[in-house]
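K.L.:
Below is the file query.cif, which contains mmCIF, C-alpha atoms and all ligand atoms.
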data_run
#
loop_
_atom_site.label_atom_id
_atom_site.label_comp_id
_atom_site.auth_asym_id
_atom_site.auth_seq_id
_atom_site.Cartn_x
_atom_site.Cartn_y
_atom_site.Cartn_z
CA MET A 1 7.87 -3.54 -25.27
CA ALA A 2 10.09 -2.79 -22.26
CA ILE A 3 12.55 -5.45 -21.28
CA GLU A 4 12.07 -6.57 -17.68
CA GLU A 5 14.92 -5.66 -15.34
CA ALA A 6 16.47 -8.80 -13.90
CA PHE A 7 16.95 -8.86 -10.12
CA SER A 8 20.51 -9.62 -9.08
CA PRO A 9 20.86 -9.41 -5.30
CA SER A 10 24.05 -9.07 -3.32
CA ASP A 11 25.13 -12.23 -1.51
CA SER A 12 23.79 -11.06 1.84
CA VAL A 13 20.39 -10.05 0.43
CA ARG A 14 20.13 -13.30 -1.53
CA ASP A 15 20.91 -15.35 1.59
CA ARG A 16 18.32 -13.48 3.65
CA LEU A 17 15.64 -13.87 0.97
CA ARG A 18 16.30 -17.60 0.72
CA VAL A 19 16.00 -18.05 4.49
CA VAL A 20 12.59 -16.38 4.50
CA LEU A 21 11.43 -18.14 1.31
CA ALA A 22 11.98 -21.49 3.02
CA LEU A 23 9.54 -20.66 5.86
CA ARG A 24 5.89 -21.74 5.90
CA PRO A 25 3.28 -20.40 6.18
CA LEU A 26 4.66 -17.58 4.02
CA GLY A 27 3.04 -14.29 3.12
CA LEU A 28 3.62 -11.78 0.35
CA PHE A 29 2.23 -8.31 1.01
CA SER A 30 2.56 -5.52 -1.51
CA ASP A 31 1.45 -1.95 -1.85
CA ILE A 32 -0.11 -1.27 -5.26
CA ASP A 33 0.44 2.28 -6.54
CA GLY A 34 4.09 3.09 -7.21
CA THR A 35 5.01 -0.51 -6.32
CA LEU A 36 3.05 -2.87 -8.58
CA SER A 37 2.14 0.02 -10.89
CA ALA A 38 4.19 2.96 -12.07
CA ILE A 39 3.18 6.37 -10.70
CA ALA A 40 0.34 7.67 -12.87
CA PRO A 41 -1.14 11.18 -13.25
CA THR A 42 -4.43 10.06 -11.65
CA PRO A 43 -5.47 6.93 -9.72
CA ASP A 44 -7.75 5.93 -12.61
CA ALA A 45 -4.85 6.00 -15.06
CA ALA A 46 -2.69 3.59 -13.05
CA THR A 47 -2.29 0.05 -14.33
CA LEU A 48 -0.22 -2.88 -13.15
CA LEU A 49 3.26 -3.12 -14.65
CA PRO A 50 3.69 -5.68 -17.43
CA GLY A 51 3.90 -9.21 -16.07
CA VAL A 52 2.74 -8.38 -12.55
CA ALA A 53 -0.75 -9.90 -12.80
CA ASP A 54 0.69 -13.16 -14.04
CA LEU A 55 3.38 -13.16 -11.34
CA LEU A 56 0.78 -12.57 -8.61
CA LYS A 57 -1.27 -15.44 -9.98
CA GLN A 58 1.80 -17.68 -9.79
CA ALA A 59 2.48 -16.38 -6.27
CA LEU A 60 -0.93 -17.67 -5.16
CA ALA A 61 0.31 -21.19 -5.84
CA THR A 62 3.54 -20.66 -3.89
CA PHE A 63 2.72 -18.36 -0.98
CA ASP A 64 0.15 -19.14 1.71
CA LEU A 65 -1.15 -15.57 1.61
CA VAL A 66 -0.83 -12.96 -1.14
CA ALA A 67 -2.13 -9.54 -0.18
CA ALA A 68 -2.43 -6.23 -1.98
CA VAL A 69 -2.30 -3.39 0.55
CA SER A 70 -3.46 0.04 -0.53
CA GLY A 71 -4.73 3.46 0.32
CA ARG A 72 -7.41 2.74 -2.27
CA THR A 73 -10.63 1.11 -1.10
CA ALA A 74 -10.48 -2.67 -0.96
CA ILE A 75 -12.99 -2.84 -3.83
CA ASP A 76 -10.91 -0.46 -5.95
CA ALA A 77 -7.72 -2.39 -5.16
CA ARG A 78 -9.48 -5.61 -6.25
CA ALA A 79 -10.68 -3.94 -9.45
CA MET A 80 -7.23 -2.60 -10.29
CA VAL A 81 -5.33 -5.85 -9.65
CA GLY A 82 -8.15 -7.85 -11.19
CA LEU A 83 -7.32 -11.20 -9.62
CA PRO A 84 -9.38 -13.45 -7.35
CA GLY A 85 -7.70 -15.26 -4.47
CA LEU A 86 -5.73 -12.34 -3.06
CA LEU A 87 -6.46 -10.62 0.21
CA TYR A 88 -7.19 -6.96 -0.51
CA ILE A 89 -6.40 -4.62 2.38
CA GLY A 90 -7.84 -1.18 1.63
CA ASN A 91 -7.96 2.30 3.08
CA HIS A 92 -4.51 1.89 4.67
CA GLY A 93 -5.70 -1.04 6.79
CA LEU A 94 -9.14 0.22 7.80
CA GLU A 95 -10.92 -2.42 5.70
CA HIS A 96 -10.31 -5.63 3.79
CA LEU A 97 -11.85 -7.90 1.24
CA SER A 98 -10.94 -11.49 2.08
CA GLU A 99 -9.72 -14.04 -0.46
CA ASP A 100 -12.90 -16.08 -0.53
CA ASP A 101 -15.70 -13.54 -0.39
CA MET A 102 -16.82 -10.28 -1.89
CA THR A 103 -17.80 -8.58 1.35
CA VAL A 104 -15.81 -5.60 2.54
CA HIS A 105 -14.99 -5.82 6.23
CA VAL A 106 -14.59 -2.32 7.67
CA ARG A 107 -12.91 -2.33 11.06
CA PRO A 108 -15.75 -1.77 13.55
CA GLU A 109 -13.97 1.10 15.29
CA ALA A 110 -13.73 2.93 11.94
CA GLU A 111 -17.35 2.57 10.87
CA PRO A 112 -18.83 5.43 12.98
CA TRP A 113 -16.42 7.92 11.34
CA ILE A 114 -17.92 7.62 7.87
CA ARG A 115 -20.51 10.31 8.72
CA ALA A 116 -17.87 12.77 9.93
CA ILE A 117 -15.85 12.30 6.73
CA ASN A 118 -18.90 12.95 4.58
CA HIS A 119 -19.66 16.07 6.58
CA VAL A 120 -16.17 17.53 6.00
CA LEU A 121 -16.25 16.72 2.29
CA ALA A 122 -19.60 18.45 1.92
CA SER A 123 -18.16 21.61 3.46
CA ILE A 124 -14.88 21.78 1.48
CA GLN A 125 -15.91 20.50 -1.93
CA ALA A 126 -17.25 23.70 -3.50
CA PRO A 127 -14.63 26.15 -2.13
CA LEU A 128 -11.64 23.96 -2.96
CA THR A 129 -12.68 22.80 -6.41
CA GLY A 130 -13.60 26.41 -7.22
CA ARG A 131 -10.24 27.77 -6.10
CA PHE A 132 -8.06 24.97 -7.51
CA PRO A 133 -9.26 23.69 -10.88
CA GLY A 134 -8.07 20.12 -11.43
CA LEU A 135 -8.34 19.22 -7.75
CA VAL A 136 -10.02 15.83 -7.34
CA ILE A 137 -11.82 14.65 -4.22
CA GLU A 138 -11.89 10.88 -3.96
CA ARG A 139 -14.56 9.53 -1.56
CA LYS A 140 -13.51 6.25 -0.07
CA GLY A 141 -16.04 5.58 2.70
CA VAL A 142 -13.98 5.55 5.90
CA THR A 143 -11.36 7.89 4.38
CA ALA A 144 -11.08 10.49 1.64
CA THR A 145 -8.19 11.59 -0.54
CA ILE A 146 -7.80 15.01 -2.12
CA HIS A 147 -5.56 14.78 -5.18
CA LEU A 148 -3.44 17.76 -6.19
CA ARG A 149 -1.60 16.23 -9.13
CA GLY A 150 -4.02 17.76 -11.63
CA VAL A 151 -3.77 21.25 -10.11
CA GLU A 152 -1.62 23.79 -11.98
CA HIS A 153 0.87 24.48 -9.15
CA PRO A 154 0.36 21.48 -6.84
CA LYS A 155 3.17 22.26 -4.41
CA GLU A 156 1.86 25.79 -3.84
CA ALA A 157 -1.74 24.58 -3.61
CA GLU A 158 -0.88 21.90 -1.07
CA ASP A 159 -0.41 24.22 1.90
CA ALA A 160 -3.71 26.00 1.28
CA VAL A 161 -5.59 22.76 0.74
CA TYR A 162 -4.05 21.18 3.81
CA LYS A 163 -5.04 24.18 5.92
CA ALA A 164 -8.60 24.28 4.60
CA VAL A 165 -9.10 20.57 5.20
CA THR A 166 -7.50 20.72 8.63
CA ASP A 167 -9.69 23.65 9.71
CA SER A 168 -12.82 21.80 8.62
CA ALA A 169 -11.78 18.38 9.92
CA SER A 170 -10.55 19.42 13.35
CA ALA A 171 -14.08 20.18 14.54
CA GLY A 172 -15.09 16.61 13.74
CA GLY A 173 -11.97 15.15 15.35
CA LEU A 174 -10.66 13.67 12.09
CA HIS A 175 -6.98 13.36 11.17
CA VAL A 176 -5.49 15.05 8.13
CA THR A 177 -2.23 13.82 6.63
CA ARG A 178 -0.13 14.73 3.59
CA GLY A 179 1.29 12.31 1.03
CA LYS A 180 2.57 12.43 -2.55
CA MET A 181 0.54 15.36 -3.93
CA VAL A 182 -2.39 14.27 -1.82
CA VAL A 183 -4.07 15.38 1.37
CA GLU A 184 -5.83 12.57 3.20
CA LEU A 185 -8.65 12.59 5.68
CA ARG A 186 -9.08 9.68 8.07
CA PRO A 187 -10.51 8.65 11.43
CA PRO A 188 -8.36 9.42 14.50
CA LEU A 189 -7.51 5.76 14.97
CA GLU A 190 -4.09 4.18 15.45
CA ILE A 191 -4.69 1.84 12.54
CA ASP A 192 -2.28 1.80 9.63
CA LYS A 193 -0.89 -0.69 7.14
CA GLY A 194 1.40 -2.04 9.87
CA VAL A 195 -1.42 -2.70 12.34
CA SER A 196 -3.40 -4.41 9.61
CA ILE A 197 -0.63 -6.70 8.38
CA GLU A 198 0.29 -7.63 11.95
CA GLY A 199 -3.29 -8.84 12.41
CA PHE A 200 -3.02 -11.08 9.35
CA VAL A 201 0.50 -12.31 10.19
CA ARG A 202 -0.73 -13.41 13.61
CA ALA A 203 -4.15 -14.73 12.54
CA ARG A 204 -2.65 -16.82 9.72
CA GLY A 205 0.38 -17.84 11.79
CA LEU A 206 2.79 -16.65 9.10
CA ARG A 207 6.42 -17.57 9.78
CA GLY A 208 7.80 -15.52 6.92
CA ALA A 209 6.55 -12.34 5.26
CA PHE A 210 7.64 -9.96 2.53
CA TYR A 211 6.32 -6.42 2.28
CA LEU A 212 6.91 -4.18 -0.73
CA GLY A 213 6.12 -0.49 -0.64
CA ASP A 214 7.15 2.93 -1.89
CA ASP A 215 5.53 5.52 0.37
CA GLN A 216 5.30 6.99 3.84
CA THR A 217 2.33 4.79 4.78
CA ASP A 218 4.35 1.69 3.89
CA ILE A 219 6.96 2.58 6.50
CA ASP A 220 4.44 1.60 9.19
CA ALA A 221 4.39 -1.88 7.67
CA PHE A 222 8.21 -1.95 7.42
CA ARG A 223 8.49 -1.11 11.12
CA THR A 224 5.88 -3.70 12.07
CA LEU A 225 7.77 -6.41 10.19
CA ARG A 226 11.00 -5.36 11.88
CA ARG A 227 9.36 -5.60 15.32
CA LEU A 228 7.70 -8.94 14.57
CA THR A 229 11.08 -10.23 13.37
CA ALA A 230 12.84 -8.99 16.51
CA ASP A 231 10.15 -10.59 18.67
CA GLY A 232 10.46 -13.90 16.84
CA VAL A 233 6.86 -13.85 15.62
CA CYS A 234 7.91 -14.16 12.00
CA GLN A 235 10.87 -13.44 9.74
CA GLY A 236 10.13 -10.35 7.67
CA VAL A 237 11.75 -8.66 4.71
CA ALA A 238 10.77 -5.05 4.02
CA VAL A 239 11.44 -4.01 0.43
CA ALA A 240 11.58 -0.29 -0.37
CA VAL A 241 10.67 0.57 -3.96
CA LEU A 242 12.45 3.79 -4.78
CA HIS A 243 11.53 6.53 -7.24
CA SER A 244 11.84 10.29 -7.46
CA GLU A 245 8.79 10.91 -5.26
CA ALA A 246 9.61 8.30 -2.59
CA PRO A 247 10.24 9.69 0.94
CA ALA A 248 13.94 10.34 1.53
CA HIS A 249 14.13 7.98 4.52
CA LEU A 250 12.24 5.09 2.90
CA ALA A 251 15.40 3.08 2.14
CA ALA A 252 16.71 3.48 5.69
CA GLU A 253 13.49 1.94 7.06
CA ALA A 254 13.68 -1.13 4.81
CA ASP A 255 15.80 -4.29 4.70
CA MET A 256 16.53 -3.90 1.01
CA THR A 257 15.70 -1.62 -1.90
CA LEU A 258 14.64 -1.89 -5.51
CA PRO A 259 15.62 1.03 -7.78
CA SER A 260 12.12 1.54 -9.23
CA ALA A 261 8.67 0.00 -9.59
CA GLU A 262 9.89 -1.32 -12.94
CA ALA A 263 12.28 -3.55 -10.97
CA VAL A 264 9.42 -5.19 -9.03
CA PRO A 265 8.40 -7.76 -11.70
CA GLY A 266 12.00 -9.02 -11.87
CA PHE A 267 12.12 -9.23 -8.08
CA LEU A 268 8.84 -11.19 -7.88
CA ARG A 269 10.08 -13.50 -10.64
CA TRP A 270 13.27 -14.12 -8.64
CA LEU A 271 11.26 -14.91 -5.48
CA LEU A 272 9.11 -17.41 -7.38
CA ALA A 273 12.14 -19.03 -9.00
CA ASN A 274 13.92 -19.32 -5.64
CA THR A 275 11.18 -20.74 -3.42
CA PRO A 276 11.82 -24.30 -2.37
CA ALA A 277 8.39 -25.31 -3.71
CA ALA A 278 9.22 -23.93 -7.14
CA THR A 279 12.74 -25.35 -7.33
CA GLY A 280 12.31 -28.64 -5.55
MG MG A 301 2.36 3.32 -3.06
#
Please lay out the structure from this file as structure tokens.
Ligand SMILES: [Mg+2]

P.N.:
Amino acid sequence: MAIEEAFSPSDSVRDRLRVVLALRPLGLFSDIDGTLSAIAPTPDAATLLPGVADLLKQALATFDLVAAVSGRTAIDARAMVGLPGLLYIGNHGLEHLSEDDMTVHVRPEAEPWIRAINHVLASIQAPLTGRFPGLVIERKGVTATIHLRGVEHPKEAEDAVYKAVTDSASAGGLHVTRGKMVVELRPPLEIDKGVSIEGFVRARGLRGAFYLGDDQTDIDAFRTLRRLTADGVCQGVAVAVLHSEAPAHLAAEADMTLPSAEAVPGFLRWLLANTPAATG
């Protein structure tokens, strides 16, 4: 069994973390894939890192809000984390599953786009899966993700897939974006993880908030926390989780970094051990 990496912050990071940990209400937001789980060959193969489920359960007793934020659907995020009591923000902020119910709330402005997404998928499915064996189309309601990780030469396939999806999606007015060996299809709405967490920070009156993430879409949340901190709405700490596939500028957008997803359990353990509620 792997030995958990202990978190040992520099003095300045430690001081900042303690300032935010003392604030209430306090929120803990975390991306899932590549942050609470190691990068896996397919979404289905991903599992939480050892200790994480237990740490999140402990966090529910310490933090006023614990949220898993994902590009997965809210239902899928809930199934993967497997814990009640968390807020599950899915589809990069387009929907959520609240802590106390099992109803998915799709943002009303996103709902009408589900038809357009289905239309594009119907037109690209046969040509793309025929041309690129191993390509997986994940239908997620208000968004869709085309996974290239299982394709023989994913980097080479990406340009062709991106072009094909863009050509088909542009007629419907949908947005196409690229991520880590994925091409994503989404409504043309200015809603991202940052917009979503800002809504919850304000609605719950959070005074402090942590956000952990490893990917391009998490940078929107990092920037939101920075702005909310500058505006005095709350004190935020953006934590970049680095790995070989993380965007090059991820660290520069964050307040602090962790060297890998494997370092996240040790970081969460440190937060729990250093909250005033836990120590006093
Ligand atoms: Mg991620």

K.L.:
Find the residues near ligand MG 301 (chain A). Use a cut-off of 7 Å, count only C-alpha atoms and all ligand atoms, and write them as a PyMOL selection string.

P.N.:
chain A and resi 31-35+213-215

K.L.:
List as an mmCIF file with C-alpha atoms, in the coordinates of the input the protein and nucleic acid residues near Arg207 of chain A, meaning an atom at most 10 Å away when all atoms listed in the file are counted, but skip any in the same chain fewer than 3 places from it.

P.N.:
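See part_33.cif below for the written result:
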data_model
loop_
_atom_site.group_PDB
_atom_site.id
_atom_site.type_symbol
_atom_site.label_atom_id
_atom_site.label_comp_id
_atom_site.auth_asym_id
_atom_site.auth_seq_id
_atom_site.Cartn_x
_atom_site.Cartn_y
_atom_site.Cartn_z
ATOM 1 C CA VAL A 20 12.590 -16.380 4.500
ATOM 2 C CA LEU A 21 11.430 -18.140 1.310
ATOM 3 C CA ALA A 22 11.980 -21.490 3.020
ATOM 4 C CA LEU A 23 9.540 -20.660 5.860
ATOM 5 C CA ARG A 24 5.890 -21.740 5.900
ATOM 6 C CA PRO A 25 3.280 -20.400 6.180
ATOM 7 C CA LEU A 26 4.660 -17.580 4.020
ATOM 8 C CA GLY A 27 3.040 -14.290 3.120
ATOM 9 C CA VAL A 201 0.500 -12.310 10.190
ATOM 10 C CA ARG A 202 -0.730 -13.410 13.610
ATOM 11 C CA ARG A 204 -2.650 -16.820 9.720
ATOM 12 C CA LEU A 228 7.700 -8.940 14.570
ATOM 13 C CA THR A 229 11.080 -10.230 13.370
ATOM 14 C CA GLY A 232 10.460 -13.900 16.840
ATOM 15 C CA VAL A 233 6.860 -13.850 15.620
ATOM 16 C CA CYS A 234 7.910 -14.160 12.000
ATOM 17 C CA GLN A 235 10.870 -13.440 9.740
ATOM 18 C CA GLY A 236 10.130 -10.350 7.670
#

K.L.:
What are the closest atom pairs, with distances in Å to one decimal, for each residue of segment 9-81 of chain A lying within 12 Å of segment 135-152 of chain A, using all atoms listed in the file, rows by chain and rising residue number, as a tab-separated table?

P.N.:
residue	atom	partner	partner_atom	distance
A:Ile39	CA	A:Arg149	CA	11.1
A:Ala40	CA	A:Arg149	CA	9.5
A:Pro41	CA	A:Arg149	CA	6.5
A:Thr42	CA	A:Arg149	CA	7.2
A:Pro43	CA	A:His147	CA	9.1
A:Asp44	CA	A:Glu138	CA	10.8
A:Ser70	CA	A:Lys140	CA	11.8
A:Gly71	CA	A:Thr145	CA	8.9
A:Arg72	CA	A:Lys140	CA	7.4
A:Thr73	CA	A:Lys140	CA	6.0
A:Ala74	CA	A:Lys140	CA	9.5
A:Ile75	CA	A:Lys140	CA	9.9
A:Asp76	CA	A:Lys140	CA	9.3
A:Ala77	CA	A:Lys140	CA	11.6

K.L.:
Would you write out those residues with C-alpha atoms, as a short mmCIF file (atom, residue, chain, number, x, y, z; two decimals), in the coordinates of the input?

P.N.:
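Output saved as selection-v2.cif:
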data_model
loop_
_atom_site.label_atom_id
_atom_site.label_comp_id
_atom_site.auth_asym_id
_atom_site.auth_seq_id
_atom_site.Cartn_x
_atom_site.Cartn_y
_atom_site.Cartn_z
CA ILE A 39 3.18 6.37 -10.70
CA ALA A 40 0.34 7.67 -12.87
CA PRO A 41 -1.14 11.18 -13.25
CA THR A 42 -4.43 10.06 -11.65
CA PRO A 43 -5.47 6.93 -9.72
CA ASP A 44 -7.75 5.93 -12.61
CA SER A 70 -3.46 0.04 -0.53
CA GLY A 71 -4.73 3.46 0.32
CA ARG A 72 -7.41 2.74 -2.27
CA THR A 73 -10.63 1.11 -1.10
CA ALA A 74 -10.48 -2.67 -0.96
CA ILE A 75 -12.99 -2.84 -3.83
CA ASP A 76 -10.91 -0.46 -5.95
CA ALA A 77 -7.72 -2.39 -5.16
#

K.L.:
Give me the residues near Leu65 of chain A as a PyMOL selection string, where near means some atom within 12 Å (using only C-alpha atoms) and where sequence neighbours in that chain fewer than 6 positions away do not count.

P.N.:
chain A and resi 24-30+56-59+85-88+98-100+197+200-201+203-211

K.L.:
In Å, rounded to a single decimal, give me how far atom CA of Ser196 of chain A is from atom CA of Asp255 of chain A.

P.N.:
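Separating atom CA of Asp255 of chain A from atom CA of Ser196 of chain A is a distance of 19.8 Å.
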
K.L.:
Which is closest to Pro265 of chain A among A:Arg107, A:Ile124, A:Ala238, A:Leu212, if we use all atoms listed in the file?

P.N.:
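Distance minimum relative to Pro265 of chain A lands on A:Leu212.
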
K.L.:
Could you check which of A:Leu17, A:Ala252, A:Leu60, A:Leu121 is closest to Asn274 of chain A, using only C-alpha atoms?

P.N.:
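Using only C-alpha atoms, the shortest distance to Asn274 of chain A belongs to A:Leu17.
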
K.L.:
Taking 3 positions as the minimum chain separation for residues in the same chain, which residues sit within 7 Å of Gly93 of chain A when counting all atoms listed in the file? Answer as an MDAnalysis selection string.

P.N.:
chainID A and resid 89:90 191:193 196

K.L.:
So the first atom is atom CA of Gly199 of chain A and the second is atom CA of Trp113 of chain A; what is the distance between them in Å, to one decimal place?

P.N.:
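Interatomic distance, atom CA of Gly199 of chain A to atom CA of Trp113 of chain A: 21.3 Å.
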
K.L.:
Draw an axis-aligned box tight on the listed atoms of segment 118-136 of chain A, then pad every side by 3 Å and write out centre and edge lengths in Å to one decimal as JSON.

P.N.:
{"center_x": -13.9, "center_y": 20.4, "center_z": -2.4, "size_x": 17.6, "size_y": 20.8, "size_z": 24.0}

K.L.:
Between atom CA of Phe267 of chain A and atom CA of Ala53 of chain A, what is the distance, to one decimal in Å?

P.N.:
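Straight-line distance from atom CA of Phe267 of chain A to atom CA of Ala53 of chain A works out to 13.7 Å.
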
K.L.:
Given only C-alpha atoms as the basis, pick out the residue of A:Gly266, A:Pro133, A:Pro112, A:Pro127 nearest to Gly172 of chain A.

P.N.:
A:Pro112

K.L.:
Go through A:Glu262, A:Pro276, A:Leu128, A:Ala46 and flag the residue nearest Ala6 of chain A, using all atoms listed in the file for the distances.

P.N.:
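Distance minimum relative to Ala6 of chain A lands on A:Glu262.
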
K.L.:
What would the list of residues within 7 Å of (6.6, -3.9, -12.2) (file frame) look like as a list in words, if all atoms listed in the file are what count?

P.N.:
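Looking at atoms near the point gives Thr35, Leu36, Ser37, Leu48, Leu49, Pro50, Val52, Ala261, Glu262, Ala263, Val264 and Pro265 of chain A.
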
K.L.:
Store the residues of this selection in a file with C-alpha atoms, as a PDB file, in the coordinates of the input.

P.N.:
ATOM      1  CA  THR A  35       5.010  -0.510  -6.320  1.00  0.00           C
ATOM      2  CA  LEU A  36       3.050  -2.870  -8.580  1.00  0.00           C
ATOM      3  CA  SER A  37       2.140   0.020 -10.890  1.00  0.00           C
ATOM      4  CA  LEU A  48      -0.220  -2.880 -13.150  1.00  0.00           C
ATOM      5  CA  LEU A  49       3.260  -3.120 -14.650  1.00  0.00           C
ATOM      6  CA  PRO A  50       3.690  -5.680 -17.430  1.00  0.00           C
ATOM      7  CA  VAL A  52       2.740  -8.380 -12.550  1.00  0.00           C
ATOM      8  CA  ALA A 261       8.670   0.000  -9.590  1.00  0.00           C
ATOM      9  CA  GLU A 262       9.890  -1.320 -12.940  1.00  0.00           C
ATOM     10  CA  ALA A 263      12.280  -3.550 -10.970  1.00  0.00           C
ATOM     11  CA  VAL A 264       9.420  -5.190  -9.030  1.00  0.00           C
ATOM     12  CA  PRO A 265       8.400  -7.760 -11.700  1.00  0.00           C
TER      13      PRO A 265
END

K.L.:
Write out as a list in words the residues lying within 9 Å of segment 155-162 of chain A, counting all atoms listed in the file and excluding same-chain residues fewer than 4 positions away.

P.N.:
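Here the qualifying residues turn out to be Leu128, Phe132, Ile146, Leu148, Val151, Thr166, Asp167, Val176, Thr177, Arg178, Met181, Val182, Val183 and Glu184 of chain A.
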
K.L.:
Take the residues from that selection and put them in a file with C-alpha atoms, as a short mmCIF file (atom, residue, chain, number, x, y, z; two decimals), in the frame of the given file.

P.N.:
data_model
loop_
_atom_site.label_atom_id
_atom_site.label_comp_id
_atom_site.auth_asym_id
_atom_site.auth_seq_id
_atom_site.Cartn_x
_atom_site.Cartn_y
_atom_site.Cartn_z
CA LEU A 128 -11.64 23.96 -2.96
CA PHE A 132 -8.06 24.97 -7.51
CA ILE A 146 -7.80 15.01 -2.12
CA LEU A 148 -3.44 17.76 -6.19
CA VAL A 151 -3.77 21.25 -10.11
CA THR A 166 -7.50 20.72 8.63
CA ASP A 167 -9.69 23.65 9.71
CA VAL A 176 -5.49 15.05 8.13
CA THR A 177 -2.23 13.82 6.63
CA ARG A 178 -0.13 14.73 3.59
CA MET A 181 0.54 15.36 -3.93
CA VAL A 182 -2.39 14.27 -1.82
CA VAL A 183 -4.07 15.38 1.37
CA GLU A 184 -5.83 12.57 3.20
#

K.L.:
Hey, which of A:Val239, A:Gln125, A:Leu174, A:Met256 ends up closest to Ser12 of chain A? Count all atoms listed in the file.

P.N.:
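So, comparing all the options, the nearest one is A:Met256.
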
K.L.:
Which one of A:Lys180, A:Arg223, A:Arg269, A:His175 sits closest to Val120 of chain A if you count all atoms listed in the file?

P.N.:
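Between A:Lys180, A:Arg223, A:Arg269, A:His175, the residue approaching Val120 of chain A most closely is A:His175.
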